[in-house]
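Reproduced below: entry00.tsv, with TSV, C-alpha atoms (C1' of nucleotides).
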```
chain	number	residue	atom	x	y	z
B	1	MET	CA	30.88	-7.15	-38.59
B	2	LYS	CA	34.13	-5.43	-39.27
B	3	LEU	CA	36.81	-5.61	-41.93
B	4	GLY	CA	40.42	-5.43	-40.85
B	5	LYS	CA	42.47	-2.50	-42.05
B	6	GLY	CA	44.97	-4.91	-43.52
B	7	ILE	CA	42.62	-5.29	-46.44
B	8	GLU	CA	42.97	-1.65	-47.32
B	9	TRP	CA	46.74	-1.93	-47.15
B	10	ALA	CA	46.83	-5.04	-49.28
B	11	ALA	CA	44.54	-3.55	-51.92
B	12	HIS	CA	46.69	-0.44	-52.19
B	13	ALA	CA	49.80	-2.59	-52.32
B	14	CYS	CA	48.37	-4.55	-55.24
B	15	ALA	CA	47.51	-1.31	-57.00
B	16	VAL	CA	51.12	-0.15	-56.69
B	17	LEU	CA	52.49	-3.48	-57.87
B	18	ALA	CA	50.22	-3.20	-60.88
B	19	LEU	CA	52.22	-0.14	-61.98
B	20	LEU	CA	55.48	-2.08	-62.22
B	21	PRO	CA	56.91	-2.99	-65.61
B	22	PRO	CA	56.85	-6.72	-66.38
B	23	GLY	CA	59.42	-8.68	-64.40
B	24	ALA	CA	60.16	-5.91	-61.93
B	25	ALA	CA	59.57	-6.21	-58.19
B	26	LEU	CA	59.30	-4.04	-55.08
B	27	SER	CA	60.76	-4.87	-51.70
B	28	ARG	CA	58.64	-4.92	-48.60
B	29	GLU	CA	60.44	-1.84	-47.28
B	30	SER	CA	59.87	0.11	-50.45
B	31	LEU	CA	56.19	-0.79	-50.53
B	32	ALA	CA	55.73	0.16	-46.89
B	33	GLY	CA	57.51	3.42	-47.49
B	34	TYR	CA	55.36	4.23	-50.51
B	35	LEU	CA	52.14	3.49	-48.64
B	36	GLY	CA	53.29	5.11	-45.40
B	37	VAL	CA	52.44	2.10	-43.23
B	38	PRO	CA	54.56	0.06	-40.78
B	39	ALA	CA	56.62	-2.45	-42.73
B	40	PRO	CA	56.51	-5.40	-40.29
B	41	TYR	CA	52.75	-5.61	-40.26
B	42	LEU	CA	52.40	-5.00	-43.98
B	43	ALA	CA	54.67	-8.03	-44.31
B	44	LYS	CA	51.97	-10.13	-42.75
B	45	GLN	CA	49.44	-9.05	-45.37
B	46	LEU	CA	51.91	-9.68	-48.15
B	47	GLN	CA	52.53	-13.18	-46.83
B	48	ALA	CA	48.81	-13.81	-46.97
B	49	LEU	CA	48.67	-12.55	-50.54
B	50	SER	CA	51.57	-14.82	-51.36
B	51	ARG	CA	49.93	-17.89	-49.81
B	52	ALA	CA	46.79	-17.12	-51.81
B	53	GLY	CA	48.84	-16.99	-54.99
B	54	LEU	CA	48.06	-13.37	-55.79
B	55	VAL	CA	51.65	-12.14	-55.59
B	56	GLU	CA	54.95	-13.77	-56.39
B	57	THR	CA	57.90	-13.39	-54.09
B	58	GLN	CA	61.53	-13.45	-54.87
B	59	ARG	CA	64.11	-13.81	-52.16
B	60	GLY	CA	67.62	-12.59	-52.09
B	61	VAL	CA	69.25	-9.51	-53.48
B	62	ALA	CA	66.99	-7.49	-55.77
B	63	GLY	CA	64.11	-9.59	-54.59
B	64	GLY	CA	60.65	-8.39	-53.69
B	65	TYR	CA	57.05	-8.76	-54.62
B	66	ARG	CA	55.26	-8.67	-57.94
B	67	LEU	CA	51.77	-9.63	-59.02
B	68	ALA	CA	51.48	-13.29	-59.84
B	69	ARG	CA	49.00	-12.66	-62.64
B	70	ALA	CA	47.52	-9.80	-64.63
B	71	ALA	CA	46.00	-7.04	-62.53
B	72	GLN	CA	42.85	-7.47	-64.58
B	73	ALA	CA	42.53	-10.99	-63.15
B	74	ILE	CA	42.81	-9.97	-59.48
B	75	SER	CA	39.65	-8.69	-57.85
B	76	LEU	CA	39.01	-7.01	-54.52
B	77	TRP	CA	37.31	-10.22	-53.45
B	78	ASP	CA	40.50	-12.15	-54.14
B	79	VAL	CA	42.34	-9.76	-51.83
B	80	THR	CA	39.63	-9.91	-49.18
B	81	ALA	CA	39.47	-13.70	-49.27
B	82	ALA	CA	43.26	-13.95	-49.02
B	83	LEU	CA	43.28	-11.93	-45.81
B	84	GLU	CA	39.99	-12.75	-44.11
B	85	GLY	CA	39.47	-16.27	-45.34
B	86	THR	CA	36.36	-17.67	-46.96
B	87	ARG	CA	34.63	-18.92	-43.84
B	88	PRO	CA	31.02	-17.64	-43.77
B	89	THR	CA	30.37	-14.51	-41.72
B	90	PHE	CA	27.26	-16.01	-40.16
B	91	GLN	CA	27.67	-19.25	-38.30
B	92	CYS	CA	24.40	-21.01	-37.60
B	93	THR	CA	24.42	-22.79	-34.25
B	94	GLU	CA	21.08	-24.47	-34.91
B	95	ILE	CA	19.11	-22.65	-32.26
B	96	ARG	CA	15.94	-24.20	-33.66
B	97	ARG	CA	17.04	-27.52	-32.20
B	98	ASN	CA	17.28	-26.11	-28.68
B	99	GLY	CA	14.82	-25.80	-25.86
B	100	PRO	CA	11.56	-27.52	-24.93
B	101	CYS	CA	10.10	-27.05	-28.42
B	102	GLY	CA	13.29	-27.83	-30.34
B	103	ALA	CA	13.02	-29.28	-33.82
B	104	SER	CA	13.90	-32.90	-34.41
B	105	PRO	CA	16.69	-33.74	-36.89
B	106	SER	CA	14.12	-34.94	-39.43
B	107	GLU	CA	12.55	-31.48	-39.37
B	108	CYS	CA	15.85	-29.85	-40.36
B	109	PRO	CA	16.68	-31.16	-43.82
B	110	ALA	CA	17.95	-27.75	-44.91
B	111	PRO	CA	19.56	-24.74	-43.21
B	112	CYS	CA	17.03	-22.53	-41.48
B	113	ASP	CA	15.85	-19.41	-43.28
B	114	ILE	CA	17.94	-17.16	-41.09
B	115	ALA	CA	21.15	-18.92	-42.08
B	116	ALA	CA	20.01	-19.04	-45.70
B	117	ALA	CA	19.27	-15.32	-45.76
B	118	PHE	CA	22.66	-14.39	-44.35
B	119	HIS	CA	24.37	-16.75	-46.72
B	120	GLN	CA	22.62	-15.09	-49.64
B	121	ALA	CA	23.52	-11.63	-48.38
B	122	GLU	CA	27.13	-12.67	-48.13
B	123	THR	CA	27.03	-13.97	-51.67
B	124	ALA	CA	25.79	-10.58	-52.83
B	125	PHE	CA	28.65	-8.93	-50.96
B	126	ARG	CA	31.20	-11.28	-52.48
B	127	ASP	CA	29.86	-10.93	-56.02
B	128	SER	CA	29.96	-7.17	-55.75
B	129	LEU	CA	33.66	-7.23	-54.83
B	130	ARG	CA	34.41	-9.85	-57.45
B	131	ALA	CA	33.35	-7.37	-60.11
B	132	VAL	CA	36.13	-4.92	-59.21
B	133	PRO	CA	39.57	-5.76	-60.59
B	134	ILE	CA	42.75	-4.06	-59.43
B	135	THR	CA	42.96	-2.32	-62.81
B	136	GLN	CA	39.82	-0.40	-61.91
B	137	ILE	CA	41.49	0.88	-58.75
B	138	VAL	CA	44.53	1.95	-60.72
B	139	LEU	CA	42.46	3.72	-63.34
B	140	GLY	CA	40.42	5.53	-60.71
B	141	ALA	CA	43.53	6.69	-58.92
B	142	THR	CA	45.31	7.96	-62.03
B	143	ALA	CA	42.17	9.74	-63.19
B	144	VAL	CA	42.34	12.21	-60.31
B	145	ALA	CA	46.13	12.51	-60.16
B	146	THR	CA	47.80	15.66	-61.46
B	147	ASP	CA	50.36	15.31	-64.23
B	148	ASP	CA	53.03	16.41	-61.82
B	149	ARG	CA	52.20	13.66	-59.36
B	150	LYS	CA	51.99	11.03	-62.07
B	151	ALA	CA	55.52	11.97	-63.06
B	152	ARG	CA	56.72	11.73	-59.47
B	153	ILE	CA	55.18	8.28	-59.15
B	154	ARG	CA	56.88	7.09	-62.34
B	155	GLU	CA	60.17	8.43	-61.06
B	156	TRP	CA	59.77	6.76	-57.68
B	157	ILE	CA	59.01	3.41	-59.29
B	158	GLN	CA	61.97	3.75	-61.65
B	159	GLU	CA	64.15	4.36	-58.63
B	160	HIS	CA	62.88	1.57	-56.40
B	161	ALA	CA	61.89	-1.22	-58.76
B	162	THR	CA	64.33	-4.06	-58.70
B	163	GLY	CA	64.21	-5.82	-62.01
B	164	ARG	CA	64.74	-9.50	-62.50
B	165	HIS	CA	66.81	-10.27	-65.50
S	1	MET	CA	34.68	-10.16	-41.11
S	2	LYS	CA	32.58	-11.97	-38.60
S	3	LEU	CA	29.03	-11.69	-37.33
S	4	GLY	CA	28.40	-12.13	-33.62
S	5	LYS	CA	26.25	-15.03	-32.51
S	6	GLY	CA	23.97	-12.58	-30.75
S	7	ILE	CA	22.41	-11.82	-34.13
S	8	GLU	CA	21.26	-15.38	-34.49
S	9	TRP	CA	19.77	-15.30	-31.00
S	10	ALA	CA	18.00	-12.00	-31.60
S	11	ALA	CA	16.56	-13.13	-34.91
S	12	HIS	CA	15.17	-16.29	-33.36
S	13	ALA	CA	13.83	-14.29	-30.43
S	14	CYS	CA	11.95	-12.00	-32.82
S	15	ALA	CA	10.54	-15.02	-34.61
S	16	VAL	CA	9.18	-16.36	-31.33
S	17	LEU	CA	7.73	-13.01	-30.33
S	18	ALA	CA	6.00	-12.90	-33.70
S	19	LEU	CA	3.95	-15.92	-32.60
S	20	LEU	CA	2.44	-14.11	-29.61
S	21	PRO	CA	-1.18	-12.98	-29.70
S	22	PRO	CA	-1.64	-9.19	-29.78
S	23	GLY	CA	-0.85	-7.53	-26.46
S	24	ALA	CA	0.87	-10.56	-24.97
S	25	ALA	CA	4.50	-10.58	-23.87
S	26	LEU	CA	7.27	-13.02	-22.94
S	27	SER	CA	9.69	-12.59	-20.08
S	28	ARG	CA	13.41	-12.71	-20.61
S	29	GLU	CA	13.65	-15.98	-18.68
S	30	SER	CA	10.94	-17.59	-20.75
S	31	LEU	CA	12.53	-16.53	-24.02
S	32	ALA	CA	15.95	-17.79	-22.94
S	33	GLY	CA	14.40	-21.07	-21.87
S	34	TYR	CA	12.60	-21.48	-25.18
S	35	LEU	CA	15.75	-20.76	-27.21
S	36	GLY	CA	18.03	-22.73	-24.93
S	37	VAL	CA	20.54	-19.91	-24.47
S	38	PRO	CA	21.96	-18.19	-21.35
S	39	ALA	CA	19.46	-15.61	-20.14
S	40	PRO	CA	21.85	-12.86	-18.96
S	41	TYR	CA	23.53	-12.53	-22.32
S	42	LEU	CA	20.32	-12.80	-24.28
S	43	ALA	CA	19.21	-9.86	-22.17
S	44	LYS	CA	21.90	-7.81	-23.81
S	45	GLN	CA	20.59	-8.52	-27.28
S	46	LEU	CA	17.06	-7.75	-26.19
S	47	GLN	CA	18.19	-4.43	-24.79
S	48	ALA	CA	19.72	-3.57	-28.14
S	49	LEU	CA	16.49	-4.51	-29.90
S	50	SER	CA	14.64	-2.31	-27.44
S	51	ARG	CA	16.91	0.66	-28.00
S	52	ALA	CA	16.48	0.27	-31.74
S	53	GLY	CA	12.72	0.33	-31.29
S	54	LEU	CA	12.13	-3.17	-32.63
S	55	VAL	CA	10.64	-4.57	-29.43
S	56	GLU	CA	8.56	-3.05	-26.68
S	57	THR	CA	9.30	-3.77	-23.07
S	58	GLN	CA	7.02	-3.87	-20.08
S	59	ARG	CA	8.37	-3.95	-16.56
S	60	GLY	CA	6.88	-5.29	-13.38
S	61	VAL	CA	4.82	-8.33	-12.63
S	62	ALA	CA	3.61	-10.04	-15.79
S	63	GLY	CA	5.96	-7.88	-17.86
S	64	GLY	CA	8.17	-8.93	-20.73
S	65	TYR	CA	8.94	-8.30	-24.40
S	66	ARG	CA	6.75	-7.97	-27.45
S	67	LEU	CA	7.37	-6.77	-30.98
S	68	ALA	CA	7.00	-3.01	-31.31
S	69	ARG	CA	5.53	-3.28	-34.80
S	70	ALA	CA	4.22	-5.87	-37.23
S	71	ALA	CA	6.61	-8.76	-37.91
S	72	GLN	CA	6.18	-7.98	-41.59
S	73	ALA	CA	7.81	-4.60	-40.96
S	74	ILE	CA	10.91	-5.98	-39.21
S	75	SER	CA	13.69	-7.24	-41.45
S	76	LEU	CA	16.84	-9.19	-40.71
S	77	TRP	CA	18.74	-6.02	-41.52
S	78	ASP	CA	16.84	-4.19	-38.78
S	79	VAL	CA	17.96	-6.86	-36.34
S	80	THR	CA	21.54	-6.82	-37.60
S	81	ALA	CA	21.75	-3.04	-37.49
S	82	ALA	CA	20.33	-2.99	-33.97
S	83	LEU	CA	23.09	-5.28	-32.73
S	84	GLU	CA	26.09	-4.47	-34.88
S	85	GLY	CA	25.41	-0.83	-35.58
S	86	THR	CA	25.35	0.89	-38.94
S	87	ARG	CA	28.96	1.97	-39.08
S	88	PRO	CA	30.53	0.83	-42.36
S	89	THR	CA	32.47	-2.43	-42.33
S	90	PHE	CA	35.30	-0.91	-44.32
S	91	GLN	CA	36.95	2.14	-42.87
S	92	CYS	CA	39.10	4.05	-45.33
S	93	THR	CA	42.17	5.52	-43.68
S	94	GLU	CA	43.11	7.48	-46.81
S	95	ILE	CA	46.26	5.56	-47.59
S	96	ARG	CA	46.46	7.43	-50.89
S	97	ARG	CA	47.42	10.55	-48.95
S	98	ASN	CA	50.42	8.83	-47.37
S	99	GLY	CA	54.00	8.42	-48.43
S	100	PRO	CA	56.33	10.29	-50.75
S	101	CYS	CA	53.82	10.23	-53.62
S	102	GLY	CA	50.75	10.95	-51.50
S	103	ALA	CA	47.81	12.70	-53.10
S	104	SER	CA	47.07	16.29	-52.21
S	105	PRO	CA	43.67	17.14	-50.70
S	106	SER	CA	42.56	18.72	-53.97
S	107	GLU	CA	43.13	15.39	-55.72
S	108	CYS	CA	40.75	13.62	-53.33
S	109	PRO	CA	37.34	15.16	-53.94
S	110	ALA	CA	35.64	11.76	-53.62
S	111	PRO	CA	36.34	8.52	-51.73
S	112	CYS	CA	38.91	6.35	-53.46
S	113	ASP	CA	37.65	3.46	-55.59
S	114	ILE	CA	38.60	0.90	-52.97
S	115	ALA	CA	36.40	2.53	-50.36
S	116	ALA	CA	33.65	3.03	-52.93
S	117	ALA	CA	33.73	-0.63	-53.96
S	118	PHE	CA	33.48	-1.88	-50.39
S	119	HIS	CA	30.72	0.58	-49.68
S	120	GLN	CA	28.78	-0.72	-52.65
S	121	ALA	CA	29.35	-4.32	-51.61
S	122	GLU	CA	28.06	-3.53	-48.16
S	123	THR	CA	24.99	-1.91	-49.66
S	124	ALA	CA	24.32	-5.12	-51.58
S	125	PHE	CA	24.66	-7.09	-48.34
S	126	ARG	CA	22.33	-4.76	-46.50
S	127	ASP	CA	19.71	-4.70	-49.24
S	128	SER	CA	19.69	-8.47	-49.36
S	129	LEU	CA	18.92	-8.68	-45.64
S	130	ARG	CA	16.40	-5.88	-45.88
S	131	ALA	CA	14.31	-8.04	-48.19
S	132	VAL	CA	13.77	-10.70	-45.51
S	133	PRO	CA	11.08	-9.89	-42.94
S	134	ILE	CA	10.62	-11.83	-39.73
S	135	THR	CA	7.41	-13.25	-41.13
S	136	GLN	CA	9.45	-15.12	-43.72
S	137	ILE	CA	11.48	-16.74	-40.96
S	138	VAL	CA	8.31	-17.78	-39.16
S	139	LEU	CA	6.76	-19.18	-42.31
S	140	GLY	CA	9.88	-21.13	-43.16
S	141	ALA	CA	10.08	-22.59	-39.68
S	142	THR	CA	6.43	-23.63	-39.53
S	143	ALA	CA	6.63	-25.14	-43.00
S	144	VAL	CA	8.98	-27.86	-41.80
S	145	ALA	CA	7.41	-28.36	-38.34
S	146	THR	CA	5.31	-31.42	-37.66
S	147	ASP	CA	1.72	-30.93	-36.51
S	148	ASP	CA	2.67	-32.39	-33.17
S	149	ARG	CA	5.43	-29.85	-32.62
S	150	LYS	CA	3.26	-26.96	-33.77
S	151	ALA	CA	0.76	-27.97	-31.09
S	152	ARG	CA	3.49	-28.14	-28.45
S	153	ILE	CA	4.67	-24.65	-29.42
S	154	ARG	CA	1.14	-23.25	-29.16
S	155	GLU	CA	0.80	-24.85	-25.76
S	156	TRP	CA	4.11	-23.50	-24.54
S	157	ILE	CA	3.18	-19.98	-25.63
S	158	GLN	CA	-0.23	-20.24	-24.00
S	159	GLU	CA	1.49	-21.24	-20.80
S	160	HIS	CA	4.23	-18.58	-20.75
S	161	ALA	CA	2.66	-15.56	-22.43
S	162	THR	CA	1.81	-12.84	-19.94
S	163	GLY	CA	-0.97	-10.69	-21.29
S	164	ARG	CA	-1.27	-6.99	-20.74
S	165	HIS	CA	-4.75	-5.79	-19.83
O	1	DT	C1'	-0.91	4.45	-0.34
O	2	DT	C1'	2.50	1.28	0.68
O	3	DA	C1'	5.22	-2.65	0.24
O	4	DA	C1'	6.51	-6.79	-1.96
O	5	DT	C1'	7.48	-8.70	-6.34
O	6	DT	C1'	8.99	-8.92	-10.96
O	7	DA	C1'	11.79	-7.72	-14.77
O	8	DC	C1'	14.54	-4.27	-17.41
O	9	DG	C1'	18.76	-1.53	-17.91
O	10	DG	C1'	23.42	-0.26	-17.64
O	11	DA	C1'	27.84	-1.03	-15.46
O	12	DC	C1'	31.38	-4.48	-14.77
O	13	DA	C1'	34.90	-8.67	-15.51
O	14	DA	C1'	36.70	-12.54	-18.48
O	15	DT	C1'	37.69	-14.26	-22.72
O	16	DA	C1'	38.75	-14.35	-27.61
O	17	DT	C1'	40.29	-12.10	-31.60
O	18	DA	C1'	42.74	-8.76	-34.13
O	19	DT	C1'	46.68	-5.71	-34.42
O	20	DA	C1'	51.43	-4.68	-34.29
O	21	DT	C1'	56.31	-6.14	-33.73
O	22	DC	C1'	60.39	-8.65	-33.60
O	23	DC	C1'	63.97	-12.15	-34.68
O	24	DG	C1'	66.00	-16.30	-36.60
O	25	DA	C1'	66.03	-19.40	-40.76
O	26	DA	C1'	66.03	-19.96	-45.67
O	27	DA	C1'	67.05	-18.43	-50.23
O	28	DT	C1'	69.16	-15.78	-53.87
O	29	DA	C1'	72.56	-13.03	-56.56
O	30	DA	C1'	77.05	-11.07	-56.81
T	1	DT	C1'	81.46	-16.96	-49.43
T	2	DT	C1'	78.98	-12.75	-48.32
T	3	DA	C1'	75.56	-9.36	-48.40
T	4	DT	C1'	70.88	-8.82	-49.13
T	5	DT	C1'	66.08	-9.93	-48.79
T	6	DT	C1'	61.93	-12.49	-47.81
T	7	DC	C1'	59.38	-16.11	-45.02
T	8	DG	C1'	57.63	-18.14	-40.88
T	9	DG	C1'	56.88	-18.50	-36.17
T	10	DA	C1'	56.97	-16.58	-31.47
T	11	DT	C1'	55.59	-12.63	-28.79
T	12	DA	C1'	53.32	-8.31	-26.73
T	13	DT	C1'	49.54	-4.98	-27.03
T	14	DA	C1'	44.93	-3.26	-28.19
T	15	DT	C1'	40.32	-4.01	-29.18
T	16	DA	C1'	36.00	-6.47	-29.52
T	17	DT	C1'	33.26	-10.04	-28.03
T	18	DT	C1'	31.24	-12.90	-24.58
T	19	DG	C1'	29.38	-13.57	-20.20
T	20	DT	C1'	27.72	-11.97	-15.45
T	21	DC	C1'	26.14	-9.07	-11.97
T	22	DC	C1'	23.31	-5.70	-9.20
T	23	DG	C1'	20.72	-1.39	-9.03
T	24	DT	C1'	16.48	0.81	-10.56
T	25	DA	C1'	11.94	1.20	-12.50
T	26	DA	C1'	7.37	-0.55	-12.96
T	27	DT	C1'	3.43	-3.21	-11.58
T	28	DT	C1'	0.15	-5.61	-8.54
T	29	DA	C1'	-2.05	-6.58	-4.35
T	30	DA	C1'	-2.94	-5.60	0.27
```
Could you rewrite the structure in this file as structure tokens?
Amino acid sequence: MKLGKGIEWAAHACAVLALLPPGAALSRESLAGYLGVPAPYLAKQLQALSRAGLVETQRGVAGGYRLARAAQAISLWDVTAALEGTRPTFQCTEIRRNGPCGASPSECPAPCDIAAAFHQAETAFRDSLRAVPITQIVLGATAVATDDRKARIREWIQEHATGRH
Amino acid sequence: MKLGKGIEWAAHACAVLALLPPGAALSRESLAGYLGVPAPYLAKQLQALSRAGLVETQRGVAGGYRLARAAQAISLWDVTAALEGTRPTFQCTEIRRNGPCGASPSECPAPCDIAAAFHQAETAFRDSLRAVPITQIVLGATAVATDDRKARIREWIQEHATGRH
DNA sequence: TTAATTACGGACAATATATATCCGAAATAA
DNA sequence: TTATTTCGGATATATATTGTCCGTAATTAA
């Protein structure tokens, strides 16, 4: 049970995009530079976010990425689901049907309790992430930032944001 | 985010061991035969359970595996932790420290909100599994079993259990 | 006490998945 | 048209999972 590091990148990327003024966008290169991660692989995460409808893309000159909806309406679960998919973490292979004392089909009207328990645990995991919108990440990050750094961030965005007009 | 199939095997194995009379044991071959899974790989899961202190092993003639403590005191989380380890699913690589606007060490007294959110979600997952003891699995399985099959299971155990004396 | 038997335990390959990268095609604005 | 920029697929590399083996320890019986 492991979570790919792409999720961390994508979450941070969304948090940065949330700082943009309405209509503005950031190129893949700019985003990768800001986050200090390799651009080609970040591109893969951004594509996944795009397919999931979390970010909008704009090709061509002054193109880039922007959030497709309000940061308040994008949760960490949305990001996780976009990258890892929604397939259940526990796949039941119906062991109870195997072997000399295997259960007959009529004895298996519902998933076994092992599968049910893991499914419920996963639901708890998912619900916990669903309760955290990107705005919460942004607020938490700005809360600890010094005034000097906040100014530098604003300046960087001003410099790299490519507005649509 | 995926869970190995070994967890399913190990959980079922524990459920079978829970049916043994006190002091009795089941050999690796017998267990694999009962579950209908390849014995050499099941051995790996059983070793992990042994290292984690969930099952007791006995070598030599008439040896085998038995639960190390009451089935009531073994949860699905115990089994999961024994096989997958307790290392967190989300590893924060401190992206916030990267790039031209990276945070200084003094601005990072606590984990960032992304890491905190995933940690909390994982706690919810873990707590959910912790609430499910092996006894619940056994009860659920016997609830749907026909009387005929319950008798066959008792017979199979009688035949394969190797008592310690 | 000794030797044969039985089963566990860790080391060892093969396979699958995730990670990281690149390049051509498509699209957009000037 | 031309320069710029993203998207998608094809391609290596690294890591984790899956599967298999043989040595070693423990037990029983002679």
Using only C-alpha atoms (C1' of nucleotides), which residues of chain O come within 6 Å of region 53-73 of chain B, and what is the closest atom pair for each, with the distance in Å to one decimal? Give it as CSV, sorted by chain and residue number.
```
residue,atom,partner,partner_atom,distance
O:DA27,C1',B:Arg59,CA,5.8
O:DT28,C1',B:Gly60,CA,4.0
O:DA29,C1',B:Val61,CA,5.7
```
Chain O residues within 9 Å of chain S, counting all atoms listed in the file: which ones, as a PyMOL selection string?
chain O and resi 5-9
Selection from above, C-alpha atoms (C1' of nucleotides), as a PDB file, in the frame of the given file, can you write it?
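What ended up in part.pdb:
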```
ATOM      1  C1'  DT O   5       7.480  -8.700  -6.340  1.00  0.00           C
ATOM      2  C1'  DT O   6       8.990  -8.920 -10.960  1.00  0.00           C
ATOM      3  C1'  DA O   7      11.790  -7.720 -14.770  1.00  0.00           C
ATOM      4  C1'  DC O   8      14.540  -4.270 -17.410  1.00  0.00           C
ATOM      5  C1'  DG O   9      18.760  -1.530 -17.910  1.00  0.00           C
TER       6       DG O   9
END
```
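Closest to chain S among T:DA26, T:DC21, T:DA3, T:DA12 is T:DA26, based on only C-alpha atoms (C1' of nucleotides).
Within 8 Å of chain S, counting all atoms listed in the file, chain T contributes DT17, DG19, DT20, DA25, DA26, DT27 and DT28 of chain T.
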Prev. selection, C-alpha atoms (C1' of nucleotides), output as a PDB file, keeping the file's coordinate frame:
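New file selection-v4.pdb:
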```pdb
ATOM      1  C1'  DT T  17      33.260 -10.040 -28.030  1.00  0.00           C
ATOM      2  C1'  DG T  19      29.380 -13.570 -20.200  1.00  0.00           C
ATOM      3  C1'  DT T  20      27.720 -11.970 -15.450  1.00  0.00           C
ATOM      4  C1'  DA T  25      11.940   1.200 -12.500  1.00  0.00           C
ATOM      5  C1'  DA T  26       7.370  -0.550 -12.960  1.00  0.00           C
ATOM      6  C1'  DT T  27       3.430  -3.210 -11.580  1.00  0.00           C
ATOM      7  C1'  DT T  28       0.150  -5.610  -8.540  1.00  0.00           C
TER       8       DT T  28
END
```
Give me the residues of chain S that have any atom at most 7 Å from an atom of chain B; for each, the nearest atom pair and the distance in Å, rounded to one decimal. Use only C-alpha atoms, sort by chain and number, and format it as a Markdown table.
```
| residue | atom | partner | partner_atom | distance |
| --- | --- | --- | --- | --- |
| S:Met1 | CA | B:Leu3 | CA | 5.1 |
| S:Lys2 | CA | B:Thr89 | CA | 4.6 |
| S:Leu3 | CA | B:Met1 | CA | 5.1 |
| S:Gly33 | CA | B:Gly99 | CA | 6.2 |
| S:Tyr34 | CA | B:Gly99 | CA | 4.9 |
| S:Leu35 | CA | B:Gly99 | CA | 5.3 |
| S:Gly36 | CA | B:Gly99 | CA | 4.5 |
| S:Glu84 | CA | B:Met1 | CA | 6.6 |
| S:Thr89 | CA | B:Lys2 | CA | 4.6 |
| S:Phe90 | CA | B:Leu3 | CA | 5.5 |
| S:Ile95 | CA | B:Leu35 | CA | 6.3 |
| S:Asn98 | CA | B:Gly36 | CA | 5.1 |
| S:Gly99 | CA | B:Gly36 | CA | 4.5 |
| S:Pro100 | CA | B:Tyr34 | CA | 6.1 |
| S:Cys101 | CA | B:Ile153 | CA | 6.0 |
| S:Glu107 | CA | B:Val144 | CA | 5.6 |
| S:Asp113 | CA | B:Ile137 | CA | 5.6 |
| S:Ile114 | CA | B:Ile137 | CA | 6.5 |
| S:Ala117 | CA | B:Leu129 | CA | 6.7 |
| S:Phe118 | CA | B:Leu129 | CA | 7.0 |
| S:Ala121 | CA | B:Phe125 | CA | 4.7 |
| S:Glu122 | CA | B:Phe125 | CA | 6.1 |
| S:Ala124 | CA | B:Ala124 | CA | 5.8 |
| S:Phe125 | CA | B:Ala121 | CA | 4.7 |
| S:Ser128 | CA | B:Ala121 | CA | 5.1 |
| S:Leu129 | CA | B:Ala121 | CA | 6.1 |
| S:Ile137 | CA | B:Asp113 | CA | 5.6 |
| S:Gly140 | CA | B:Asp113 | CA | 6.2 |
| S:Val144 | CA | B:Glu107 | CA | 5.6 |
| S:Ala145 | CA | B:Glu107 | CA | 6.1 |
| S:Arg149 | CA | B:Cys101 | CA | 6.9 |
| S:Arg152 | CA | B:Cys101 | CA | 6.7 |
| S:Ile153 | CA | B:Cys101 | CA | 6.0 |
```
Would you kindly identify which residues have an atom no farther than 10 Å from (61.6, -18.2, -43.1), using all atoms listed in the file and the file's own coordinates, and write them out as a ChimeraX atom specification?
/O:24-27 /T:6-9
Spatial neighbours of DA10 (chain T), max dist 12 Å, all atoms listed in the file, sep filter under 3 positions, as number ranges by chain:
O: 21-24
I need the chosen residues saved as a tab-separated table (two decimals), in the coordinates of the input, with C-alpha atoms (C1' of nucleotides).
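Output file part.tsv is given in full below:
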```
chain	number	residue	atom	x	y	z
O	21	DT	C1'	56.31	-6.14	-33.73
O	22	DC	C1'	60.39	-8.65	-33.60
O	23	DC	C1'	63.97	-12.15	-34.68
O	24	DG	C1'	66.00	-16.30	-36.60
```
Atomic distance CA of Thr162 (chain S) - CA of Ala25 (chain S), expressed in Å with one decimal:
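Result for CA of Thr162 (chain S) versus CA of Ala25 (chain S): 5.3 Å, one decimal.
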How many Å separate CA of Ala18 (chain S) from CA of Asp78 (chain S)?
14.8 Å
Students should find that CA of Asp147 (chain B) and CA of Thr135 (chain B) are spaced 19.2 Å
Rebuild region 154-159 of chain B so that it carries N, CA and C atoms, then output the result as a PDB file, keeping the file's coordinate frame.
```pdb
ATOM      1  N   ARG B 154      56.052   7.824 -61.370  1.00  0.00           N
ATOM      2  CA  ARG B 154      56.880   7.090 -62.340  1.00  0.00           C
ATOM      3  C   ARG B 154      58.339   7.111 -61.907  1.00  0.00           C
ATOM      4  N   GLU B 155      58.778   8.277 -61.474  1.00  0.00           N
ATOM      5  CA  GLU B 155      60.170   8.430 -61.060  1.00  0.00           C
ATOM      6  C   GLU B 155      60.473   7.547 -59.842  1.00  0.00           C
ATOM      7  N   TRP B 156      59.551   7.557 -58.891  1.00  0.00           N
ATOM      8  CA  TRP B 156      59.770   6.760 -57.680  1.00  0.00           C
ATOM      9  C   TRP B 156      59.883   5.277 -58.031  1.00  0.00           C
ATOM     10  N   ILE B 157      58.996   4.818 -58.904  1.00  0.00           N
ATOM     11  CA  ILE B 157      59.010   3.410 -59.290  1.00  0.00           C
ATOM     12  C   ILE B 157      60.326   3.072 -60.000  1.00  0.00           C
ATOM     13  N   GLN B 158      60.708   3.936 -60.936  1.00  0.00           N
ATOM     14  CA  GLN B 158      61.970   3.750 -61.650  1.00  0.00           C
ATOM     15  C   GLN B 158      63.115   3.553 -60.661  1.00  0.00           C
ATOM     16  N   GLU B 159      63.054   4.338 -59.596  1.00  0.00           N
ATOM     17  CA  GLU B 159      64.150   4.360 -58.630  1.00  0.00           C
ATOM     18  C   GLU B 159      64.159   3.138 -57.711  1.00  0.00           C
TER      19      GLU B 159
END
```
